[in-house]
file structure_36.pdb (PDB, C-alpha atoms)
ATOM      1  CA  MET W   1       0.000   0.000   0.000  1.00  0.00           C
ATOM      2  CA  GLU W   2       1.491   3.318  -1.061  1.00  0.00           C
ATOM      3  CA  THR W   3       1.103   6.323   1.219  1.00  0.00           C
ATOM      4  CA  MET W   4       1.107   9.896  -0.049  1.00  0.00           C
ATOM      5  CA  ILE W   5       3.936  11.896   1.486  1.00  0.00           C
ATOM      6  CA  HIS W   6       3.136  15.489   2.312  1.00  0.00           C
ATOM      7  CA  ILE W   7       6.083  17.776   1.782  1.00  0.00           C
ATOM      8  CA  LEU W   8       5.655  21.426   2.580  1.00  0.00           C
ATOM      9  CA  PRO W   9       7.253  23.757   0.046  1.00  0.00           C
ATOM     10  CA  ASP W  10       9.298  25.434   2.811  1.00  0.00           C
ATOM     11  CA  GLN W  11      10.903  22.056   3.667  1.00  0.00           C
ATOM     12  CA  MET W  12      12.649  22.078   0.299  1.00  0.00           C
ATOM     13  CA  ALA W  13      15.845  23.888  -0.573  1.00  0.00           C
ATOM     14  CA  ASP W  14      15.538  26.232  -3.541  1.00  0.00           C
ATOM     15  CA  ASN W  15      18.382  25.504  -5.965  1.00  0.00           C
ATOM     16  CA  SER W  16      16.923  27.637  -8.769  1.00  0.00           C
ATOM     17  CA  SER W  17      18.882  29.991 -11.001  1.00  0.00           C
ATOM     18  CA  SER W  18      17.826  32.647 -13.483  1.00  0.00           C
ATOM     19  CA  GLU W  19      17.823  29.916 -16.166  1.00  0.00           C
ATOM     20  CA  GLU W  20      15.993  27.042 -14.439  1.00  0.00           C
ATOM     21  CA  PHE W  21      14.014  26.015 -11.399  1.00  0.00           C
ATOM     22  CA  ARG W  22      15.193  23.175  -9.193  1.00  0.00           C
ATOM     23  CA  PHE W  23      14.452  22.093  -5.633  1.00  0.00           C
ATOM     24  CA  SER W  24      15.743  19.456  -3.225  1.00  0.00           C
ATOM     25  CA  ILE W  25      15.236  17.979   0.205  1.00  0.00           C
ATOM     26  CA  GLY W  26      17.805  16.062   2.203  1.00  0.00           C
ATOM     27  CA  CYS W  27      17.207  12.533   3.435  1.00  0.00           C
ATOM     28  CA  ALA W  28      16.966  12.596   7.236  1.00  0.00           C
ATOM     29  CA  GLU W  29      18.975   9.371   7.423  1.00  0.00           C
ATOM     30  CA  CYS W  30      21.920   9.709   5.010  1.00  0.00           C
ATOM     31  CA  GLY W  31      21.698  13.460   4.355  1.00  0.00           C
ATOM     32  CA  GLN W  32      21.899  13.046   0.590  1.00  0.00           C
ATOM     33  CA  PRO W  33      19.684  15.472  -1.319  1.00  0.00           C
ATOM     34  CA  VAL W  34      16.815  14.229  -3.445  1.00  0.00           C
ATOM     35  CA  HIS W  35      16.532  16.693  -6.333  1.00  0.00           C
ATOM     36  CA  SER W  36      13.615  17.566  -8.533  1.00  0.00           C
ATOM     37  CA  LEU W  37      14.241  17.520 -12.232  1.00  0.00           C
ATOM     38  CA  PRO W  38      15.190  20.969 -13.558  1.00  0.00           C
ATOM     39  CA  VAL W  39      12.494  23.038 -15.254  1.00  0.00           C
ATOM     40  CA  ARG W  40      13.768  25.681 -17.657  1.00  0.00           C
ATOM     41  CA  PHE W  41      12.469  29.248 -17.311  1.00  0.00           C
ATOM     42  CA  SER W  42      10.605  30.143 -20.509  1.00  0.00           C
ATOM     43  CA  LYS W  43      12.535  33.428 -20.862  1.00  0.00           C
ATOM     44  CA  ALA W  44      15.954  32.008 -19.906  1.00  0.00           C
ATOM     45  CA  GLY W  45      18.694  33.888 -21.719  1.00  0.00           C
ATOM     46  CA  VAL W  46      16.341  36.637 -22.922  1.00  0.00           C
ATOM     47  CA  LEU W  47      17.282  40.149 -21.824  1.00  0.00           C
ATOM     48  CA  PRO W  48      14.252  42.381 -21.291  1.00  0.00           C
ATOM     49  CA  PRO W  49      14.509  45.351 -23.683  1.00  0.00           C
ATOM     50  CA  THR W  50      12.712  47.772 -21.334  1.00  0.00           C
ATOM     51  CA  ASP W  51      12.062  48.284 -17.638  1.00  0.00           C
ATOM     52  CA  GLY W  52       8.425  47.393 -18.295  1.00  0.00           C
ATOM     53  CA  LYS W  53       9.426  44.055 -19.811  1.00  0.00           C
ATOM     54  CA  GLN W  54      11.678  43.454 -16.777  1.00  0.00           C
ATOM     55  CA  VAL W  55       8.618  43.766 -14.535  1.00  0.00           C
ATOM     56  CA  VAL W  56       6.710  41.341 -16.775  1.00  0.00           C
ATOM     57  CA  TYR W  57       9.603  38.833 -16.853  1.00  0.00           C
ATOM     58  CA  THR W  58       9.975  39.006 -13.068  1.00  0.00           C
ATOM     59  CA  ALA W  59       6.273  38.246 -12.569  1.00  0.00           C
ATOM     60  CA  LEU W  60       6.475  35.439 -15.137  1.00  0.00           C
ATOM     61  CA  TYR W  61       9.564  34.020 -13.410  1.00  0.00           C
ATOM     62  CA  GLU W  62       7.802  33.937 -10.043  1.00  0.00           C
ATOM     63  CA  ARG W  63       4.712  32.267 -11.544  1.00  0.00           C
ATOM     64  CA  GLU W  64       6.757  29.626 -13.352  1.00  0.00           C
ATOM     65  CA  LYS W  65       8.869  29.059 -10.234  1.00  0.00           C
ATOM     66  CA  GLU W  66       5.763  28.413  -8.131  1.00  0.00           C
ATOM     67  CA  ASN W  67       4.477  25.932 -10.729  1.00  0.00           C
ATOM     68  CA  ALA W  68       7.878  24.196 -10.760  1.00  0.00           C
ATOM     69  CA  ARG W  69       7.811  24.075  -6.922  1.00  0.00           C
ATOM     70  CA  ARG W  70       4.434  22.294  -7.015  1.00  0.00           C
ATOM     71  CA  LEU W  71       5.787  19.749  -9.494  1.00  0.00           C
ATOM     72  CA  ALA W  72       8.889  19.300  -7.335  1.00  0.00           C
ATOM     73  CA  VAL W  73       6.832  18.548  -4.221  1.00  0.00           C
ATOM     74  CA  LYS W  74       5.115  15.742  -6.099  1.00  0.00           C
ATOM     75  CA  SER W  75       8.205  14.328  -7.812  1.00  0.00           C
ATOM     76  CA  ILE W  76      10.450  14.491  -4.732  1.00  0.00           C
ATOM     77  CA  GLY W  77       7.690  12.906  -2.625  1.00  0.00           C
ATOM     78  CA  GLU W  78       7.778   9.865  -4.892  1.00  0.00           C
ATOM     79  CA  HIS W  79      11.361   9.171  -3.721  1.00  0.00           C
ATOM     80  CA  LEU W  80      10.900   9.671   0.024  1.00  0.00           C
ATOM     81  CA  SER W  81       9.110   7.702   2.705  1.00  0.00           C
ATOM     82  CA  LEU W  82       7.874   8.746   6.117  1.00  0.00           C
ATOM     83  CA  CYS W  83       9.137   6.435   8.843  1.00  0.00           C
ATOM     84  CA  PRO W  84       6.157   5.385  11.000  1.00  0.00           C
ATOM     85  CA  ILE W  85       8.440   5.016  14.047  1.00  0.00           C
ATOM     86  CA  CYS W  86      10.451   8.264  14.119  1.00  0.00           C
ATOM     87  CA  GLY W  87       8.451  10.369  11.625  1.00  0.00           C
ATOM     88  CA  ARG W  88      11.462  11.388   9.516  1.00  0.00           C
ATOM     89  CA  LEU W  89      11.469  11.670   5.717  1.00  0.00           C
ATOM     90  CA  VAL W  90      14.051   9.269   4.305  1.00  0.00           C
ATOM     91  CA  CYS W  91      15.103   8.380   0.768  1.00  0.00           C
ATOM     92  CA  ASP W  92      14.323   5.064  -0.884  1.00  0.00           C
ATOM     93  CA  ARG W  93      17.846   3.794  -0.116  1.00  0.00           C
ATOM     94  CA  CYS W  94      17.386   4.373   3.624  1.00  0.00           C
ATOM     95  CA  PHE W  95      13.814   3.096   3.925  1.00  0.00           C
ATOM     96  CA  LEU W  96      13.589  -0.620   4.592  1.00  0.00           C
ATOM     97  CA  VAL W  97      10.861  -3.049   3.660  1.00  0.00           C
ATOM     98  CA  CYS W  98      10.606  -5.184   6.801  1.00  0.00           C
ATOM     99  CA  GLU W  99       8.487  -8.201   7.682  1.00  0.00           C
ATOM    100  CA  ASP W 100       5.877  -6.500   9.869  1.00  0.00           C
ATOM    101  CA  LEU W 101       6.325  -2.760   9.406  1.00  0.00           C
ATOM    102  CA  ASP W 102       8.470  -0.836   6.914  1.00  0.00           C
ATOM    103  CA  MET W 103      10.727   1.775   8.555  1.00  0.00           C
ATOM    104  CA  CYS W 104      13.926   3.755   8.229  1.00  0.00           C
ATOM    105  CA  ALA W 105      17.276   2.013   8.597  1.00  0.00           C
ATOM    106  CA  ALA W 106      18.071   3.711  11.931  1.00  0.00           C
ATOM    107  CA  CYS W 107      14.814   2.574  13.539  1.00  0.00           C
ATOM    108  CA  ALA W 108      15.246  -0.925  12.107  1.00  0.00           C
ATOM    109  CA  MET W 109      18.718  -1.137  13.626  1.00  0.00           C
ATOM    110  CA  ARG W 110      17.553   0.234  16.978  1.00  0.00           C
ATOM    111  CA  LEU W 111      14.587  -2.190  17.069  1.00  0.00           C
ATOM    112  CA  GLN W 112      16.661  -5.096  15.686  1.00  0.00           C
ATOM    113  CA  GLU W 113      14.420  -5.475  12.640  1.00  0.00           C
ATOM    114  CA  GLU W 114      15.749  -6.779   9.349  1.00  0.00           C
ATOM    115  CA  GLY W 115      14.707  -5.497   5.959  1.00  0.00           C
ATOM    116  CA  GLU W 116      15.715  -4.633   2.435  1.00  0.00           C
ATOM    117  CA  PRO W 117      16.000  -1.082   1.055  1.00  0.00           C
ATOM    118  CA  VAL W 118      13.285   0.055  -1.351  1.00  0.00           C
ATOM    119  CA  ILE W 119      16.194   0.778  -3.757  1.00  0.00           C
ATOM    120  CA  SER W 120      19.519  -0.978  -3.423  1.00  0.00           C
ATOM    121  CA  PRO W 121      22.241   1.308  -2.026  1.00  0.00           C
ATOM    122  CA  ALA W 122      24.566  -0.193  -4.667  1.00  0.00           C
ATOM    123  CA  LEU W 123      22.618   1.606  -7.403  1.00  0.00           C
ATOM    124  CA  SER W 124      24.348   4.850  -8.219  1.00  0.00           C
ATOM    125  CA  GLU W 125      21.403   6.262 -10.116  1.00  0.00           C
ATOM    126  CA  SER W 126      17.698   5.623 -10.213  1.00  0.00           C
ATOM    127  CA  PRO W 127      15.915   5.999 -13.556  1.00  0.00           C
ATOM    128  CA  HIS W 128      13.159   7.891 -11.765  1.00  0.00           C
ATOM    129  CA  ASN W 129      15.432  10.208  -9.807  1.00  0.00           C
ATOM    130  CA  PRO W 130      18.752  10.561 -11.622  1.00  0.00           C
ATOM    131  CA  ASP W 131      20.108  13.242  -9.314  1.00  0.00           C
ATOM    132  CA  HIS W 132      19.789  11.499  -5.955  1.00  0.00           C
ATOM    133  CA  GLY W 133      22.844  12.433  -3.971  1.00  0.00           C
ATOM    134  CA  ASP W 134      25.212  12.851  -6.861  1.00  0.00           C
ATOM    135  CA  GLN W 135      25.591  16.574  -6.398  1.00  0.00           C
TER
END

call {"tool": "encode", "arguments": {"input": "structure_36.pdb", "output": "structure tokens"}}
result
Amino acid sequence: METMIHILPDQMADNSSSEEFRFSIGCAECGQPVHSLPVRFSKAGVLPPTDGKQVVYTALYEREKENARRLAVKSIGEHLSLCPICGRLVCDRCFLVCEDLDMCAACAMRLQEEGEPVISPALSESPHNPDHGDQ
């Protein structure tokens, strides 16, 4: 049974630039960031010809950034799990599928539970989240 993770936008780090929008949140267990995929700003590289256009581009940037943040909340949430024991958000490599109750690796160790990670720690990249921890 899959549970929807609720990530608040202010829990995410904003790694955006003037060219693209990108967000991340660190795993509470290993500390590695789980990044959203970058979303390019529609006016990236375009210099506004007037002060009026600068105001328009700034408003457009903020609107597109908010839309990218909403997408990031959803996409990042697909690669994190909420530990039912300690309540921390942990990445798929640190969340264990155990016999009775799935939980984070730290809680499993503390409670002497055995389990397998949702994603093998040996995998350097996940096809669904190519930027997990590599930056």

call {"tool": "resolve_selection", "arguments": {"input": "structure_36.pdb", "expression": "the PyMOL selection byres ((chain W and resi 106-120) around 8)", "output": "VMD selection string"}}
result
chain W and resid 29 85 to 86 92 to 99 102 to 105 121 to 123

call {"tool": "residues_near_point", "arguments": {"input": "structure_36.pdb", "point": "(12.3, 24.1, -13.6)", "cutoff": "10 Å", "atoms": "only C-alpha atoms", "output": "list in words"}}
result
Asn15, Ser16, Ser17, Glu19, Glu20, Phe21, Arg22, Phe23, Ser36, Leu37, Pro38, Val39, Arg40, Phe41, Ser42, Glu64, Lys65, Glu66, Asn67, Ala68, Arg69, Leu71 and Ala72 of chain W

call {"tool": "atom_distance", "arguments": {"input": "structure_36.pdb", "atom1": "CA of Gly45 (chain W)", "atom2": "CA of Leu60 (chain W)"}}
result
14.0 Å

call {"tool": "atom_distance", "arguments": {"input": "structure_36.pdb", "atom1": "CA of Ile25 (chain W)", "atom2": "CA of Leu101 (chain W)"}}
result
24.4 Å

call {"tool": "atom_distance", "arguments": {"input": "structure_36.pdb", "atom1": "CA of Glu62 (chain W)", "atom2": "CA of His35 (chain W)"}}
result
19.7 Å

call {"tool": "decode", "arguments": {"input": "structure_36.pdb", "residues": "region 92-108 of chain W", "atoms": "N, CA, C and O atoms", "output": "PDB file, in the first residue's frame"}}
result
ATOM      1  N   ASP W  92      14.622   6.464  -0.598  1.00  0.00           N
ATOM      2  CA  ASP W  92      14.323   5.064  -0.884  1.00  0.00           C
ATOM      3  C   ASP W  92      15.473   4.133  -0.522  1.00  0.00           C
ATOM      4  O   ASP W  92      15.256   2.957  -0.278  1.00  0.00           O
ATOM      5  N   ARG W  93      16.701   4.629  -0.482  1.00  0.00           N
ATOM      6  CA  ARG W  93      17.846   3.794  -0.116  1.00  0.00           C
ATOM      7  C   ARG W  93      17.914   3.566   1.399  1.00  0.00           C
ATOM      8  O   ARG W  93      18.540   2.610   1.838  1.00  0.00           O
ATOM      9  N   CYS W  94      17.326   4.464   2.157  1.00  0.00           N
ATOM     10  CA  CYS W  94      17.386   4.373   3.624  1.00  0.00           C
ATOM     11  C   CYS W  94      16.084   3.878   4.244  1.00  0.00           C
ATOM     12  O   CYS W  94      15.982   3.782   5.462  1.00  0.00           O
ATOM     13  N   PHE W  95      15.092   3.594   3.425  1.00  0.00           N
ATOM     14  CA  PHE W  95      13.814   3.096   3.925  1.00  0.00           C
ATOM     15  C   PHE W  95      13.764   1.599   3.662  1.00  0.00           C
ATOM     16  O   PHE W  95      13.960   1.163   2.532  1.00  0.00           O
ATOM     17  N   LEU W  96      13.546   0.828   4.702  1.00  0.00           N
ATOM     18  CA  LEU W  96      13.589  -0.620   4.592  1.00  0.00           C
ATOM     19  C   LEU W  96      12.205  -1.246   4.554  1.00  0.00           C
ATOM     20  O   LEU W  96      11.308  -0.832   5.293  1.00  0.00           O
ATOM     21  N   VAL W  97      12.068  -2.230   3.705  1.00  0.00           N
ATOM     22  CA  VAL W  97      10.861  -3.049   3.660  1.00  0.00           C
ATOM     23  C   VAL W  97      11.122  -4.198   4.636  1.00  0.00           C
ATOM     24  O   VAL W  97      11.982  -5.043   4.403  1.00  0.00           O
ATOM     25  N   CYS W  98      10.414  -4.191   5.748  1.00  0.00           N
ATOM     26  CA  CYS W  98      10.606  -5.184   6.801  1.00  0.00           C
ATOM     27  C   CYS W  98       9.417  -6.146   6.837  1.00  0.00           C
ATOM     28  O   CYS W  98       8.411  -5.923   6.170  1.00  0.00           O
ATOM     29  N   GLU W  99       9.528  -7.172   7.644  1.00  0.00           N
ATOM     30  CA  GLU W  99       8.487  -8.201   7.682  1.00  0.00           C
ATOM     31  C   GLU W  99       7.144  -7.658   8.164  1.00  0.00           C
ATOM     32  O   GLU W  99       6.119  -7.862   7.537  1.00  0.00           O
ATOM     33  N   ASP W 100       7.141  -6.967   9.290  1.00  0.00           N
ATOM     34  CA  ASP W 100       5.877  -6.500   9.869  1.00  0.00           C
ATOM     35  C   ASP W 100       5.547  -5.050   9.551  1.00  0.00           C
ATOM     36  O   ASP W 100       4.400  -4.712   9.288  1.00  0.00           O
ATOM     37  N   LEU W 101       6.554  -4.195   9.593  1.00  0.00           N
ATOM     38  CA  LEU W 101       6.325  -2.760   9.406  1.00  0.00           C
ATOM     39  C   LEU W 101       7.553  -2.157   8.742  1.00  0.00           C
ATOM     40  O   LEU W 101       8.668  -2.304   9.250  1.00  0.00           O
ATOM     41  N   ASP W 102       7.368  -1.489   7.604  1.00  0.00           N
ATOM     42  CA  ASP W 102       8.470  -0.836   6.914  1.00  0.00           C
ATOM     43  C   ASP W 102       8.888   0.395   7.701  1.00  0.00           C
ATOM     44  O   ASP W 102       8.035   1.094   8.273  1.00  0.00           O
ATOM     45  N   MET W 103      10.210   0.668   7.743  1.00  0.00           N
ATOM     46  CA  MET W 103      10.727   1.775   8.555  1.00  0.00           C
ATOM     47  C   MET W 103      12.097   2.192   8.061  1.00  0.00           C
ATOM     48  O   MET W 103      12.677   1.529   7.203  1.00  0.00           O
ATOM     49  N   CYS W 104      12.601   3.281   8.612  1.00  0.00           N
ATOM     50  CA  CYS W 104      13.926   3.755   8.229  1.00  0.00           C
ATOM     51  C   CYS W 104      14.994   2.825   8.799  1.00  0.00           C
ATOM     52  O   CYS W 104      14.748   2.070   9.749  1.00  0.00           O
ATOM     53  N   ALA W 105      16.178   2.887   8.202  1.00  0.00           N
ATOM     54  CA  ALA W 105      17.276   2.013   8.597  1.00  0.00           C
ATOM     55  C   ALA W 105      17.677   2.212  10.057  1.00  0.00           C
ATOM     56  O   ALA W 105      17.975   1.238  10.760  1.00  0.00           O
ATOM     57  N   ALA W 106      17.680   3.446  10.539  1.00  0.00           N
ATOM     58  CA  ALA W 106      18.071   3.711  11.931  1.00  0.00           C
ATOM     59  C   ALA W 106      17.096   3.066  12.916  1.00  0.00           C
ATOM     60  O   ALA W 106      17.518   2.451  13.900  1.00  0.00           O
ATOM     61  N   CYS W 107      15.808   3.190  12.648  1.00  0.00           N
ATOM     62  CA  CYS W 107      14.814   2.574  13.539  1.00  0.00           C
ATOM     63  C   CYS W 107      14.891   1.053  13.464  1.00  0.00           C
ATOM     64  O   CYS W 107      14.772   0.370  14.480  1.00  0.00           O
ATOM     65  N   ALA W 108      15.120   0.531  12.259  1.00  0.00           N
ATOM     66  CA  ALA W 108      15.246  -0.925  12.107  1.00  0.00           C
ATOM     67  C   ALA W 108      16.429  -1.438  12.916  1.00  0.00           C
ATOM     68  O   ALA W 108      16.329  -2.465  13.602  1.00  0.00           O
TER      69      ALA W 108
END
